[in-house]
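Report on one structure; see the data block that follows.
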Amino acid sequence: MIFLALSSAILEKVSALLEKFKLKYQVVETGEDLLEKAKKQKPQLIILEKDLPLLDGFSATLLLKANEKTKPIPVIIVCKCDFQEEEIKARDCGADYLLHYPFKEEEFVQVLSKLLKKDLKPKD
């Protein structure tokens, strides 16, 4: 299971790609919900945006990586801007990867394969 905490435009693109590879996902609305659900369900991966309600993506990632139960879960932060400051924040909070939106499908699949430790092939 992959947790997604993304705005509608990014969610649409990411969920379509996950479905293409038959990967299961669950949409989470807020940073606080994400923390609670991750502690209980331990997803394989979390993909989130920096702009989340109640708790931003950087803070949520920092809290996930500070908790022993959720620390090993890989986190991808999706950012709509291309500022070095955002990359520094993503790295400092413990994100495993910062993906700039809009992104290329190849980059997304390559990062997914690496973090999920599987060779992804589209399913018919």
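Labels for the structure tokens follow display order: chains A, B, ..., residues from 1 in each chain, ligands from 1.
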
Just list as a PDB file with C-alpha atoms, in the first residue's frame whatever in chain A DSSP marks as alpha helix (DSSP H).
ATOM      1  CA  SER A   8      -6.064  16.999  -7.045  1.00  0.00           C
ATOM      2  CA  ALA A   9      -3.946  17.773 -10.142  1.00  0.00           C
ATOM      3  CA  ILE A  10      -0.903  15.888  -8.859  1.00  0.00           C
ATOM      4  CA  LEU A  11      -3.066  13.119  -7.390  1.00  0.00           C
ATOM      5  CA  GLU A  12      -4.666  12.539 -10.786  1.00  0.00           C
ATOM      6  CA  LYS A  13      -1.279  12.025 -12.488  1.00  0.00           C
ATOM      7  CA  VAL A  14       0.274   9.946  -9.682  1.00  0.00           C
ATOM      8  CA  SER A  15      -2.767   7.696  -9.190  1.00  0.00           C
ATOM      9  CA  ALA A  16      -2.979   7.021 -12.959  1.00  0.00           C
ATOM     10  CA  LEU A  17       0.660   5.930 -12.969  1.00  0.00           C
ATOM     11  CA  LEU A  18       0.219   3.733  -9.905  1.00  0.00           C
ATOM     12  CA  GLU A  19      -2.836   2.101 -11.490  1.00  0.00           C
ATOM     13  CA  LYS A  20      -0.849   1.489 -14.677  1.00  0.00           C
ATOM     14  CA  GLY A  31      -0.670  15.754   7.313  1.00  0.00           C
ATOM     15  CA  GLU A  32      -2.113  14.781  10.700  1.00  0.00           C
ATOM     16  CA  ASP A  33      -4.149  11.914   9.206  1.00  0.00           C
ATOM     17  CA  LEU A  34      -1.061  10.777   7.352  1.00  0.00           C
ATOM     18  CA  LEU A  35       0.941  10.498  10.585  1.00  0.00           C
ATOM     19  CA  GLU A  36      -1.786   8.568  12.386  1.00  0.00           C
ATOM     20  CA  LYS A  37      -2.445   6.149   9.525  1.00  0.00           C
ATOM     21  CA  ALA A  38       1.258   5.564   8.833  1.00  0.00           C
ATOM     22  CA  LYS A  39       1.824   4.528  12.465  1.00  0.00           C
ATOM     23  CA  LYS A  40      -1.033   2.011  12.294  1.00  0.00           C
ATOM     24  CA  GLN A  41      -0.744   0.639   8.751  1.00  0.00           C
ATOM     25  CA  GLY A  57       4.674  17.944   4.005  1.00  0.00           C
ATOM     26  CA  PHE A  58       8.074  18.915   5.395  1.00  0.00           C
ATOM     27  CA  SER A  59       6.830  18.800   8.995  1.00  0.00           C
ATOM     28  CA  ALA A  60       4.966  15.532   8.393  1.00  0.00           C
ATOM     29  CA  THR A  61       8.120  13.977   6.918  1.00  0.00           C
ATOM     30  CA  LEU A  62      10.244  15.203   9.813  1.00  0.00           C
ATOM     31  CA  LEU A  63       7.810  13.627  12.303  1.00  0.00           C
ATOM     32  CA  LEU A  64       7.614  10.383  10.294  1.00  0.00           C
ATOM     33  CA  LYS A  65      11.410  10.094  10.214  1.00  0.00           C
ATOM     34  CA  ALA A  66      11.687  10.923  13.943  1.00  0.00           C
ATOM     35  CA  GLN A  84      17.099  25.193  -4.078  1.00  0.00           C
ATOM     36  CA  GLU A  85      15.564  26.171  -0.727  1.00  0.00           C
ATOM     37  CA  GLU A  86      12.877  23.488  -1.219  1.00  0.00           C
ATOM     38  CA  GLU A  87      15.507  20.838  -1.973  1.00  0.00           C
ATOM     39  CA  ILE A  88      17.393  21.762   1.194  1.00  0.00           C
ATOM     40  CA  LYS A  89      14.205  21.571   3.275  1.00  0.00           C
ATOM     41  CA  ALA A  90      13.295  18.197   1.753  1.00  0.00           C
ATOM     42  CA  ARG A  91      16.747  16.804   2.469  1.00  0.00           C
ATOM     43  CA  ASP A  92      16.815  18.268   5.995  1.00  0.00           C
ATOM     44  CA  CYS A  93      13.451  16.761   6.957  1.00  0.00           C
ATOM     45  CA  GLU A 105       6.767   9.454 -16.153  1.00  0.00           C
ATOM     46  CA  GLU A 106      10.205   7.844 -16.572  1.00  0.00           C
ATOM     47  CA  GLU A 107      11.621   9.708 -13.576  1.00  0.00           C
ATOM     48  CA  PHE A 108       8.623   8.801 -11.421  1.00  0.00           C
ATOM     49  CA  VAL A 109       8.831   5.102 -12.366  1.00  0.00           C
ATOM     50  CA  GLN A 110      12.592   5.047 -11.781  1.00  0.00           C
ATOM     51  CA  VAL A 111      12.187   6.536  -8.278  1.00  0.00           C
ATOM     52  CA  LEU A 112       9.294   4.178  -7.470  1.00  0.00           C
ATOM     53  CA  SER A 113      11.324   1.156  -8.578  1.00  0.00           C
ATOM     54  CA  LYS A 114      14.274   2.222  -6.447  1.00  0.00           C
ATOM     55  CA  LEU A 115      12.285   2.979  -3.292  1.00  0.00           C
ATOM     56  CA  LEU A 116       9.957  -0.031  -3.579  1.00  0.00           C
TER      57      LEU A 116
END

Can you check which residues of chain A DSSP gives as strand (DSSP E or B) on the backbone and send them as a PDB file with N, CA and C atoms, in the first residue's frame?
ATOM      1  N   ILE A   2       0.503   2.207  -0.823  1.00  0.00           N
ATOM      2  CA  ILE A   2       1.195   3.485  -0.911  1.00  0.00           C
ATOM      3  C   ILE A   2       0.223   4.571  -0.450  1.00  0.00           C
ATOM      4  N   PHE A   3       0.664   5.425   0.446  1.00  0.00           N
ATOM      5  CA  PHE A   3      -0.165   6.548   0.895  1.00  0.00           C
ATOM      6  C   PHE A   3       0.118   7.756   0.021  1.00  0.00           C
ATOM      7  N   LEU A   4      -0.946   8.437  -0.400  1.00  0.00           N
ATOM      8  CA  LEU A   4      -0.842   9.642  -1.203  1.00  0.00           C
ATOM      9  C   LEU A   4      -1.492  10.807  -0.468  1.00  0.00           C
ATOM     10  N   ALA A   5      -0.765  11.876  -0.291  1.00  0.00           N
ATOM     11  CA  ALA A   5      -1.308  13.104   0.297  1.00  0.00           C
ATOM     12  C   ALA A   5      -0.948  14.225  -0.672  1.00  0.00           C
ATOM     13  N   TYR A  25      -3.002   2.020  -3.613  1.00  0.00           N
ATOM     14  CA  TYR A  25      -2.755   3.259  -2.889  1.00  0.00           C
ATOM     15  C   TYR A  25      -3.982   3.677  -2.092  1.00  0.00           C
ATOM     16  N   GLN A  26      -3.737   4.538  -1.141  1.00  0.00           N
ATOM     17  CA  GLN A  26      -4.810   5.106  -0.318  1.00  0.00           C
ATOM     18  C   GLN A  26      -4.563   6.611  -0.236  1.00  0.00           C
ATOM     19  N   VAL A  27      -5.614   7.382  -0.469  1.00  0.00           N
ATOM     20  CA  VAL A  27      -5.510   8.836  -0.403  1.00  0.00           C
ATOM     21  C   VAL A  27      -5.722   9.282   1.035  1.00  0.00           C
ATOM     22  N   LEU A  45       5.330   2.982   1.014  1.00  0.00           N
ATOM     23  CA  LEU A  45       5.842   4.242   0.507  1.00  0.00           C
ATOM     24  C   LEU A  45       4.824   5.337   0.792  1.00  0.00           C
ATOM     25  N   ILE A  46       5.322   6.562   0.984  1.00  0.00           N
ATOM     26  CA  ILE A  46       4.448   7.729   1.144  1.00  0.00           C
ATOM     27  C   ILE A  46       4.858   8.755   0.100  1.00  0.00           C
ATOM     28  N   ILE A  47       3.872   9.244  -0.644  1.00  0.00           N
ATOM     29  CA  ILE A  47       4.100  10.318  -1.608  1.00  0.00           C
ATOM     30  C   ILE A  47       3.245  11.490  -1.153  1.00  0.00           C
ATOM     31  N   LEU A  48       3.895  12.607  -0.855  1.00  0.00           N
ATOM     32  CA  LEU A  48       3.139  13.743  -0.354  1.00  0.00           C
ATOM     33  C   LEU A  48       3.631  15.048  -0.944  1.00  0.00           C
ATOM     34  N   GLU A  49       2.808  16.042  -0.782  1.00  0.00           N
ATOM     35  CA  GLU A  49       3.108  17.373  -1.271  1.00  0.00           C
ATOM     36  C   GLU A  49       3.498  18.243  -0.086  1.00  0.00           C
ATOM     37  N   VAL A  75       9.859   8.187   1.754  1.00  0.00           N
ATOM     38  CA  VAL A  75       8.983   9.335   1.513  1.00  0.00           C
ATOM     39  C   VAL A  75       9.461  10.097   0.280  1.00  0.00           C
ATOM     40  N   ILE A  76       8.509  10.333  -0.632  1.00  0.00           N
ATOM     41  CA  ILE A  76       8.748  11.198  -1.783  1.00  0.00           C
ATOM     42  C   ILE A  76       7.953  12.475  -1.557  1.00  0.00           C
ATOM     43  N   ILE A  77       8.630  13.619  -1.613  1.00  0.00           N
ATOM     44  CA  ILE A  77       7.933  14.899  -1.539  1.00  0.00           C
ATOM     45  C   ILE A  77       7.823  15.446  -2.954  1.00  0.00           C
ATOM     46  N   VAL A  78       6.602  15.823  -3.337  1.00  0.00           N
ATOM     47  CA  VAL A  78       6.370  16.420  -4.646  1.00  0.00           C
ATOM     48  C   VAL A  78       6.257  17.929  -4.446  1.00  0.00           C
ATOM     49  N   CYS A  79       7.028  18.666  -5.230  1.00  0.00           N
ATOM     50  CA  CYS A  79       7.072  20.120  -5.090  1.00  0.00           C
ATOM     51  C   CYS A  79       6.747  20.772  -6.429  1.00  0.00           C
ATOM     52  N   TYR A  97      13.307  11.387  -1.489  1.00  0.00           N
ATOM     53  CA  TYR A  97      13.408  11.949  -2.830  1.00  0.00           C
ATOM     54  C   TYR A  97      12.511  13.166  -2.942  1.00  0.00           C
ATOM     55  N   LEU A  98      12.980  14.180  -3.676  1.00  0.00           N
ATOM     56  CA  LEU A  98      12.180  15.355  -3.992  1.00  0.00           C
ATOM     57  C   LEU A  98      11.888  15.312  -5.484  1.00  0.00           C
ATOM     58  N   LEU A  99      10.610  15.274  -5.827  1.00  0.00           N
ATOM     59  CA  LEU A  99      10.175  15.188  -7.212  1.00  0.00           C
ATOM     60  C   LEU A  99       9.550  16.527  -7.594  1.00  0.00           C
ATOM     61  N   HIS A 100      10.083  17.148  -8.636  1.00  0.00           N
ATOM     62  CA  HIS A 100       9.550  18.439  -9.087  1.00  0.00           C
ATOM     63  C   HIS A 100       8.380  18.207 -10.038  1.00  0.00           C
TER      64      HIS A 100
END

Nearest residue to Lys50 (chain A) from the set A:Phe103, A:Lys69, A:Leu120, A:Cys81 (distances using only C-alpha atoms):
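Distance minimum relative to Lys50 (chain A) lands on A:Cys81.
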